[in-house]
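Next comes model15.txt, with compact mmCIF, N, CA and C atoms.
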# COMPACT_ATOMS: atom_id res chain seq x y z
N MET A 2 1.34 -0.24 16.56
CA MET A 2 2.15 0.71 17.32
C MET A 2 2.26 0.20 18.76
N ARG A 3 3.44 -0.17 19.18
CA ARG A 3 3.65 -0.70 20.52
C ARG A 3 4.00 0.42 21.48
N ARG A 4 3.46 0.29 22.68
CA ARG A 4 3.77 1.24 23.73
C ARG A 4 5.13 0.87 24.32
N ILE A 5 5.99 1.84 24.48
CA ILE A 5 7.33 1.58 25.01
C ILE A 5 7.43 2.03 26.46
N GLU A 6 6.84 3.17 26.78
CA GLU A 6 6.96 3.69 28.13
C GLU A 6 6.15 2.85 29.11
N MET A 7 6.42 3.07 30.39
CA MET A 7 5.74 2.33 31.44
C MET A 7 4.84 3.28 32.22
N SER A 8 3.81 2.72 32.83
CA SER A 8 2.92 3.53 33.66
C SER A 8 3.63 3.87 34.97
N GLN A 9 3.07 4.82 35.70
CA GLN A 9 3.65 5.20 36.99
C GLN A 9 3.68 4.00 37.94
N ARG A 10 2.62 3.21 37.89
CA ARG A 10 2.54 2.03 38.76
C ARG A 10 3.64 1.02 38.43
N GLU A 11 3.87 0.82 37.14
CA GLU A 11 4.92 -0.12 36.73
C GLU A 11 6.30 0.41 37.10
N LEU A 12 6.51 1.70 36.94
CA LEU A 12 7.80 2.29 37.32
C LEU A 12 8.04 2.17 38.82
N ARG A 13 6.98 2.35 39.60
CA ARG A 13 7.10 2.21 41.06
C ARG A 13 7.50 0.79 41.42
N ARG A 14 6.93 -0.20 40.73
CA ARG A 14 7.29 -1.59 40.99
C ARG A 14 8.75 -1.85 40.65
N VAL A 15 9.22 -1.27 39.56
CA VAL A 15 10.63 -1.45 39.18
C VAL A 15 11.54 -0.87 40.25
N GLU A 16 11.21 0.33 40.73
CA GLU A 16 12.03 0.96 41.76
C GLU A 16 12.10 0.10 43.03
N VAL A 17 10.95 -0.38 43.45
CA VAL A 17 10.90 -1.17 44.69
C VAL A 17 11.64 -2.49 44.51
N LEU A 18 11.46 -3.16 43.38
CA LEU A 18 12.13 -4.44 43.16
C LEU A 18 13.64 -4.26 42.96
N ALA A 19 14.05 -3.09 42.49
CA ALA A 19 15.49 -2.81 42.41
C ALA A 19 16.06 -2.72 43.83
N ARG A 20 15.27 -2.20 44.76
CA ARG A 20 15.71 -2.15 46.16
C ARG A 20 15.78 -3.55 46.77
N VAL A 21 14.88 -4.44 46.33
CA VAL A 21 14.93 -5.84 46.78
C VAL A 21 16.20 -6.48 46.24
N LYS A 22 16.51 -6.20 44.98
CA LYS A 22 17.70 -6.78 44.35
C LYS A 22 18.98 -6.34 45.07
N SER A 23 18.99 -5.09 45.52
CA SER A 23 20.17 -4.59 46.23
C SER A 23 20.15 -4.98 47.72
N LYS A 24 19.18 -5.80 48.10
CA LYS A 24 19.02 -6.31 49.46
C LYS A 24 18.72 -5.21 50.48
N GLU A 25 18.21 -4.11 49.99
CA GLU A 25 17.79 -3.03 50.86
C GLU A 25 16.42 -3.33 51.46
N LEU A 26 15.62 -4.09 50.72
CA LEU A 26 14.28 -4.48 51.15
C LEU A 26 14.10 -5.99 51.02
N LYS A 27 13.14 -6.52 51.75
CA LYS A 27 12.74 -7.91 51.57
C LYS A 27 11.48 -7.92 50.71
N VAL A 28 11.20 -9.07 50.12
CA VAL A 28 10.03 -9.18 49.25
C VAL A 28 8.75 -8.86 50.02
N ARG A 29 8.67 -9.26 51.26
CA ARG A 29 7.48 -8.98 52.07
C ARG A 29 7.27 -7.47 52.23
N ASP A 30 8.35 -6.74 52.45
CA ASP A 30 8.25 -5.28 52.58
C ASP A 30 7.89 -4.64 51.23
N ALA A 31 8.44 -5.19 50.16
CA ALA A 31 8.14 -4.68 48.82
C ALA A 31 6.66 -4.86 48.51
N ALA A 32 6.09 -5.97 48.96
CA ALA A 32 4.67 -6.24 48.71
C ALA A 32 3.80 -5.14 49.30
N SER A 33 4.11 -4.73 50.51
CA SER A 33 3.29 -3.69 51.12
C SER A 33 3.52 -2.33 50.45
N LEU A 34 4.74 -2.08 49.97
CA LEU A 34 5.02 -0.80 49.31
C LEU A 34 4.28 -0.67 47.98
N VAL A 35 4.19 -1.75 47.24
CA VAL A 35 3.50 -1.69 45.94
C VAL A 35 2.04 -2.15 46.05
N ARG A 36 1.62 -2.42 47.28
CA ARG A 36 0.22 -2.77 47.59
C ARG A 36 -0.28 -3.99 46.82
N VAL A 37 0.49 -5.05 46.92
CA VAL A 37 0.06 -6.35 46.39
C VAL A 37 0.27 -7.38 47.49
N SER A 38 -0.29 -8.57 47.29
CA SER A 38 -0.11 -9.63 48.28
C SER A 38 1.33 -10.14 48.23
N TYR A 39 1.71 -10.86 49.26
CA TYR A 39 3.05 -11.43 49.30
C TYR A 39 3.27 -12.39 48.13
N ARG A 40 2.26 -13.20 47.85
CA ARG A 40 2.38 -14.16 46.74
C ARG A 40 2.55 -13.44 45.40
N GLN A 41 1.78 -12.35 45.20
CA GLN A 41 1.91 -11.59 43.96
C GLN A 41 3.29 -10.94 43.90
N ALA A 42 3.77 -10.46 45.02
CA ALA A 42 5.11 -9.85 45.05
C ALA A 42 6.18 -10.88 44.69
N LYS A 43 5.99 -12.12 45.14
CA LYS A 43 6.95 -13.17 44.76
C LYS A 43 6.92 -13.41 43.26
N ARG A 44 5.73 -13.40 42.68
CA ARG A 44 5.63 -13.58 41.22
C ARG A 44 6.28 -12.42 40.48
N LEU A 45 6.04 -11.19 40.96
CA LEU A 45 6.67 -10.02 40.33
C LEU A 45 8.19 -10.09 40.46
N TRP A 46 8.66 -10.48 41.63
CA TRP A 46 10.10 -10.58 41.89
C TRP A 46 10.74 -11.60 40.95
N LYS A 47 10.07 -12.74 40.77
CA LYS A 47 10.59 -13.77 39.87
C LYS A 47 10.68 -13.24 38.43
N ARG A 48 9.61 -12.56 37.99
CA ARG A 48 9.61 -12.02 36.63
C ARG A 48 10.68 -10.94 36.48
N TYR A 49 10.86 -10.12 37.51
CA TYR A 49 11.89 -9.07 37.48
C TYR A 49 13.28 -9.69 37.39
N ARG A 50 13.53 -10.76 38.14
CA ARG A 50 14.85 -11.42 38.09
C ARG A 50 15.11 -12.02 36.72
N GLU A 51 14.07 -12.61 36.11
CA GLU A 51 14.25 -13.30 34.84
C GLU A 51 14.29 -12.36 33.64
N GLN A 52 13.46 -11.32 33.65
CA GLN A 52 13.32 -10.48 32.47
C GLN A 52 13.73 -9.03 32.67
N GLY A 53 14.00 -8.65 33.90
CA GLY A 53 14.35 -7.26 34.16
C GLY A 53 13.11 -6.38 34.20
N ALA A 54 13.32 -5.07 34.03
CA ALA A 54 12.22 -4.11 34.13
C ALA A 54 11.16 -4.34 33.07
N LYS A 55 11.54 -4.77 31.89
CA LYS A 55 10.54 -4.96 30.84
C LYS A 55 9.57 -6.10 31.17
N GLY A 56 9.95 -6.99 32.06
CA GLY A 56 9.06 -8.06 32.47
C GLY A 56 7.90 -7.58 33.31
N LEU A 57 7.98 -6.37 33.84
CA LEU A 57 6.91 -5.83 34.68
C LEU A 57 5.91 -5.00 33.89
N ARG A 58 6.18 -4.76 32.61
CA ARG A 58 5.23 -4.03 31.77
C ARG A 58 3.98 -4.87 31.57
N HIS A 59 2.86 -4.21 31.43
CA HIS A 59 1.61 -4.92 31.17
C HIS A 59 1.73 -5.62 29.83
N ARG A 60 1.37 -6.88 29.77
CA ARG A 60 1.63 -7.68 28.56
C ARG A 60 0.77 -7.30 27.37
N SER A 61 -0.38 -6.70 27.61
CA SER A 61 -1.22 -6.32 26.48
C SER A 61 -1.04 -4.85 26.09
N ALA A 62 -0.07 -4.18 26.69
CA ALA A 62 0.17 -2.78 26.39
C ALA A 62 0.64 -2.62 24.94
N GLY A 63 0.05 -1.67 24.25
CA GLY A 63 0.44 -1.40 22.88
C GLY A 63 -0.31 -2.20 21.84
N ARG A 64 -1.10 -3.17 22.26
CA ARG A 64 -1.89 -3.97 21.31
C ARG A 64 -3.22 -3.29 21.04
N ALA A 65 -3.75 -3.55 19.88
CA ALA A 65 -5.07 -3.02 19.54
C ALA A 65 -6.12 -3.79 20.32
N SER A 66 -7.19 -3.12 20.65
CA SER A 66 -8.28 -3.77 21.37
C SER A 66 -8.97 -4.78 20.46
N PRO A 67 -9.33 -5.93 20.99
CA PRO A 67 -10.05 -6.89 20.16
C PRO A 67 -11.46 -6.40 19.80
N ARG A 68 -11.94 -5.38 20.51
CA ARG A 68 -13.25 -4.82 20.24
C ARG A 68 -13.20 -3.63 19.29
N ALA A 69 -12.01 -3.22 18.87
CA ALA A 69 -11.87 -2.05 18.01
C ALA A 69 -12.48 -2.30 16.64
N LYS A 70 -13.08 -1.25 16.10
CA LYS A 70 -13.63 -1.34 14.75
C LYS A 70 -12.48 -1.20 13.75
N PRO A 71 -12.62 -1.77 12.57
CA PRO A 71 -11.57 -1.64 11.55
C PRO A 71 -11.36 -0.17 11.16
N VAL A 72 -10.15 0.18 10.81
CA VAL A 72 -9.80 1.56 10.46
C VAL A 72 -10.65 2.05 9.30
N ARG A 73 -10.86 1.20 8.32
CA ARG A 73 -11.65 1.58 7.15
C ARG A 73 -13.07 1.98 7.56
N PHE A 74 -13.66 1.22 8.46
CA PHE A 74 -15.00 1.52 8.95
C PHE A 74 -15.02 2.84 9.70
N ARG A 75 -14.03 3.07 10.53
CA ARG A 75 -13.96 4.32 11.30
C ARG A 75 -13.86 5.53 10.39
N ARG A 76 -13.03 5.40 9.35
CA ARG A 76 -12.89 6.50 8.39
C ARG A 76 -14.23 6.79 7.71
N ARG A 77 -14.95 5.73 7.35
CA ARG A 77 -16.24 5.90 6.67
C ARG A 77 -17.24 6.60 7.58
N VAL A 78 -17.30 6.23 8.84
CA VAL A 78 -18.20 6.88 9.78
C VAL A 78 -17.86 8.35 9.91
N LEU A 79 -16.59 8.68 10.05
CA LEU A 79 -16.20 10.09 10.16
C LEU A 79 -16.53 10.86 8.89
N GLN A 80 -16.37 10.21 7.75
CA GLN A 80 -16.70 10.86 6.48
C GLN A 80 -18.20 11.18 6.44
N LEU A 81 -19.03 10.24 6.84
CA LEU A 81 -20.48 10.47 6.86
C LEU A 81 -20.86 11.58 7.83
N VAL A 82 -20.21 11.62 8.97
CA VAL A 82 -20.50 12.67 9.95
C VAL A 82 -20.10 14.02 9.40
N ARG A 83 -18.95 14.10 8.75
CA ARG A 83 -18.51 15.37 8.16
C ARG A 83 -19.46 15.83 7.06
N GLU A 84 -19.94 14.88 6.24
CA GLU A 84 -20.86 15.24 5.17
C GLU A 84 -22.15 15.81 5.73
N LYS A 85 -22.64 15.20 6.79
CA LYS A 85 -23.92 15.61 7.35
C LYS A 85 -23.81 16.86 8.22
N TYR A 86 -22.75 16.97 9.00
CA TYR A 86 -22.66 18.04 10.00
C TYR A 86 -21.59 19.08 9.70
N GLY A 87 -20.92 18.99 8.59
CA GLY A 87 -19.92 19.99 8.23
C GLY A 87 -18.52 19.51 8.52
N GLU A 88 -17.58 20.25 7.99
CA GLU A 88 -16.17 19.85 8.06
C GLU A 88 -15.57 20.04 9.44
N GLY A 89 -15.96 21.08 10.16
CA GLY A 89 -15.35 21.37 11.47
C GLY A 89 -15.82 20.40 12.53
N GLU A 90 -15.07 19.33 12.75
CA GLU A 90 -15.47 18.29 13.71
C GLU A 90 -15.77 18.86 15.08
N GLY A 91 -14.85 19.62 15.62
CA GLY A 91 -14.99 20.11 16.97
C GLY A 91 -15.87 21.33 17.09
N GLU A 92 -16.23 21.93 15.97
CA GLU A 92 -16.99 23.17 16.02
C GLU A 92 -18.48 22.94 16.19
N ARG A 93 -19.05 21.97 15.46
CA ARG A 93 -20.50 21.81 15.45
C ARG A 93 -21.00 20.70 16.34
N PHE A 94 -20.16 19.74 16.68
CA PHE A 94 -20.61 18.64 17.52
C PHE A 94 -19.44 18.08 18.30
N GLY A 95 -19.75 17.45 19.40
CA GLY A 95 -18.70 16.91 20.26
C GLY A 95 -18.64 15.39 20.18
N PRO A 96 -17.85 14.79 21.05
CA PRO A 96 -17.65 13.35 21.02
C PRO A 96 -18.91 12.54 21.35
N THR A 97 -19.84 13.12 22.10
CA THR A 97 -21.06 12.39 22.45
C THR A 97 -21.92 12.17 21.22
N LEU A 98 -22.12 13.21 20.44
CA LEU A 98 -22.91 13.07 19.22
C LEU A 98 -22.22 12.11 18.25
N ARG A 99 -20.92 12.23 18.12
CA ARG A 99 -20.16 11.35 17.24
C ARG A 99 -20.37 9.89 17.66
N ARG A 100 -20.31 9.64 18.96
CA ARG A 100 -20.48 8.28 19.48
C ARG A 100 -21.89 7.76 19.21
N ASN A 101 -22.89 8.63 19.40
CA ASN A 101 -24.27 8.22 19.15
C ASN A 101 -24.49 7.88 17.68
N ILE A 102 -23.90 8.65 16.80
CA ILE A 102 -24.01 8.37 15.37
C ILE A 102 -23.34 7.04 15.06
N TRP A 103 -22.18 6.84 15.65
CA TRP A 103 -21.42 5.58 15.45
C TRP A 103 -22.29 4.38 15.86
N ARG A 104 -22.90 4.48 17.02
CA ARG A 104 -23.72 3.37 17.53
C ARG A 104 -24.96 3.15 16.66
N ALA A 105 -25.55 4.24 16.18
CA ALA A 105 -26.73 4.11 15.33
C ALA A 105 -26.39 3.39 14.02
N ARG A 106 -25.19 3.62 13.51
CA ARG A 106 -24.80 3.01 12.24
C ARG A 106 -24.41 1.53 12.44
N THR A 107 -23.84 1.21 13.60
CA THR A 107 -23.35 -0.17 13.82
C THR A 107 -24.42 -1.07 14.42
N GLY A 108 -25.46 -0.48 14.96
CA GLY A 108 -26.57 -1.28 15.49
C GLY A 108 -26.34 -1.81 16.81
Write the structure described by the file as C-alpha cells, please.
Amino acid sequence: MRRIEMSQRELRRVEVLARVKSKELKVRDAASLVRVSYRQAKRLWKRYREQGAKGLRHRSAGRASPRAKPVRFRRRVLQLVREKYGEGEGERFGPTLRRNIWRARTG
C-alpha cells in the first residue's frame, strides 16, 4: 500500500518552490523559509524542476519497514493473545501488554 498524500512539511516545500519557479522568491530565501541550508535548497529546487511536486515526497513513504514482522506471524501473536486474555482486545488489555507479549514470544 503506497502513501499518496504528502506531509505538511513536504507541502510547505512545494508551495515555497512554486514561488521560486514564479520568480517571486530566490532559492536562498526559500532555504530560510523551509529551514534548510542553501545547498539543500538547491538540491530540492533541482528535484522540483526535474520531477515536479512528486519529487519532493519522501522516497521511502508507503514502503513496509524492513524491521516489520511478517503478517502471518502478527496474526498468530494476536490469536494467542485473544485465546489467553479473551476476545475483547481493547477491553482487557492495552497496547503495552500486547507489546510485552509480542517481545516475550520473539525473544
Which of chain A end up as helix (DSSP H, G or I) when DSSP is run on this backbone - answer as a VMD selection string?
chain A and resid 9 to 22 28 to 34 39 to 57 72 to 86 90 to 93 96 to 107
Padding 4 Å on every side, please: axis-aligned box over the listed atoms of segment 51-62 of chain A, centre and edge lengths to one decimal in Å, as AutoDock Vina command-line options.
--center_x 6.6 --center_y -8.0 --center_z 30.5 --size_x 23.6 --size_y 18.7 --size_z 19.2
Wanna dump the segment 42-101 of chain A-segment 5-28 of chain A contacts at 8 Å for me, each residue with its shortest atom pair and the distance in Å to one decimal, counting only C-alpha atoms, ordered by chain and number, as a tab-separated table?
residue	atom	partner	partner_atom	distance
A:Ala42	CA	A:Val28	CA	6.5
A:Lys43	CA	A:Val28	CA	6.8
A:Trp46	CA	A:Leu18	CA	6.6
A:Tyr49	CA	A:Leu18	CA	7.3
A:Ala54	CA	A:Val15	CA	5.9
A:Leu57	CA	A:Glu11	CA	6.4
A:Arg58	CA	A:Glu11	CA	6.3
A:Gly63	CA	A:Ile5	CA	7.8
For the residues selected in the previous step, produce a file with N, CA and C atoms as a tab-separated table (two decimals), in the frame of the given file.
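Everything below was put into part32.tsv:
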chain	number	residue	atom	x	y	z
A	42	ALA	N	3.77	-10.46	45.02
A	42	ALA	CA	5.11	-9.85	45.05
A	42	ALA	C	6.18	-10.88	44.69
A	43	LYS	N	5.99	-12.12	45.14
A	43	LYS	CA	6.95	-13.17	44.76
A	43	LYS	C	6.92	-13.41	43.26
A	46	TRP	N	8.66	-10.48	41.63
A	46	TRP	CA	10.10	-10.58	41.89
A	46	TRP	C	10.74	-11.60	40.95
A	49	TYR	N	10.86	-10.12	37.51
A	49	TYR	CA	11.89	-9.07	37.48
A	49	TYR	C	13.28	-9.69	37.39
A	54	ALA	N	13.32	-5.07	34.03
A	54	ALA	CA	12.22	-4.11	34.13
A	54	ALA	C	11.16	-4.34	33.07
A	57	LEU	N	7.98	-6.37	33.84
A	57	LEU	CA	6.91	-5.83	34.68
A	57	LEU	C	5.91	-5.00	33.89
A	58	ARG	N	6.18	-4.76	32.61
A	58	ARG	CA	5.23	-4.03	31.77
A	58	ARG	C	3.98	-4.87	31.57
A	63	GLY	N	0.05	-1.67	24.25
A	63	GLY	CA	0.44	-1.40	22.88
A	63	GLY	C	-0.31	-2.20	21.84
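The space between atom N of Val78 of chain A and atom CA of Ile102 of chain A spans 9.6 Å.
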Could you please determine the separation between atom C of Leu79 of chain A and atom C of Leu98 of chain A in Å, to one decimal place?
11.0 Å
If I take atom N of Leu45 of chain A and atom C of Ala32 of chain A, how far is one from the other in Å, to one decimal?
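That distance, rounded to one decimal, is 10.5 Å.
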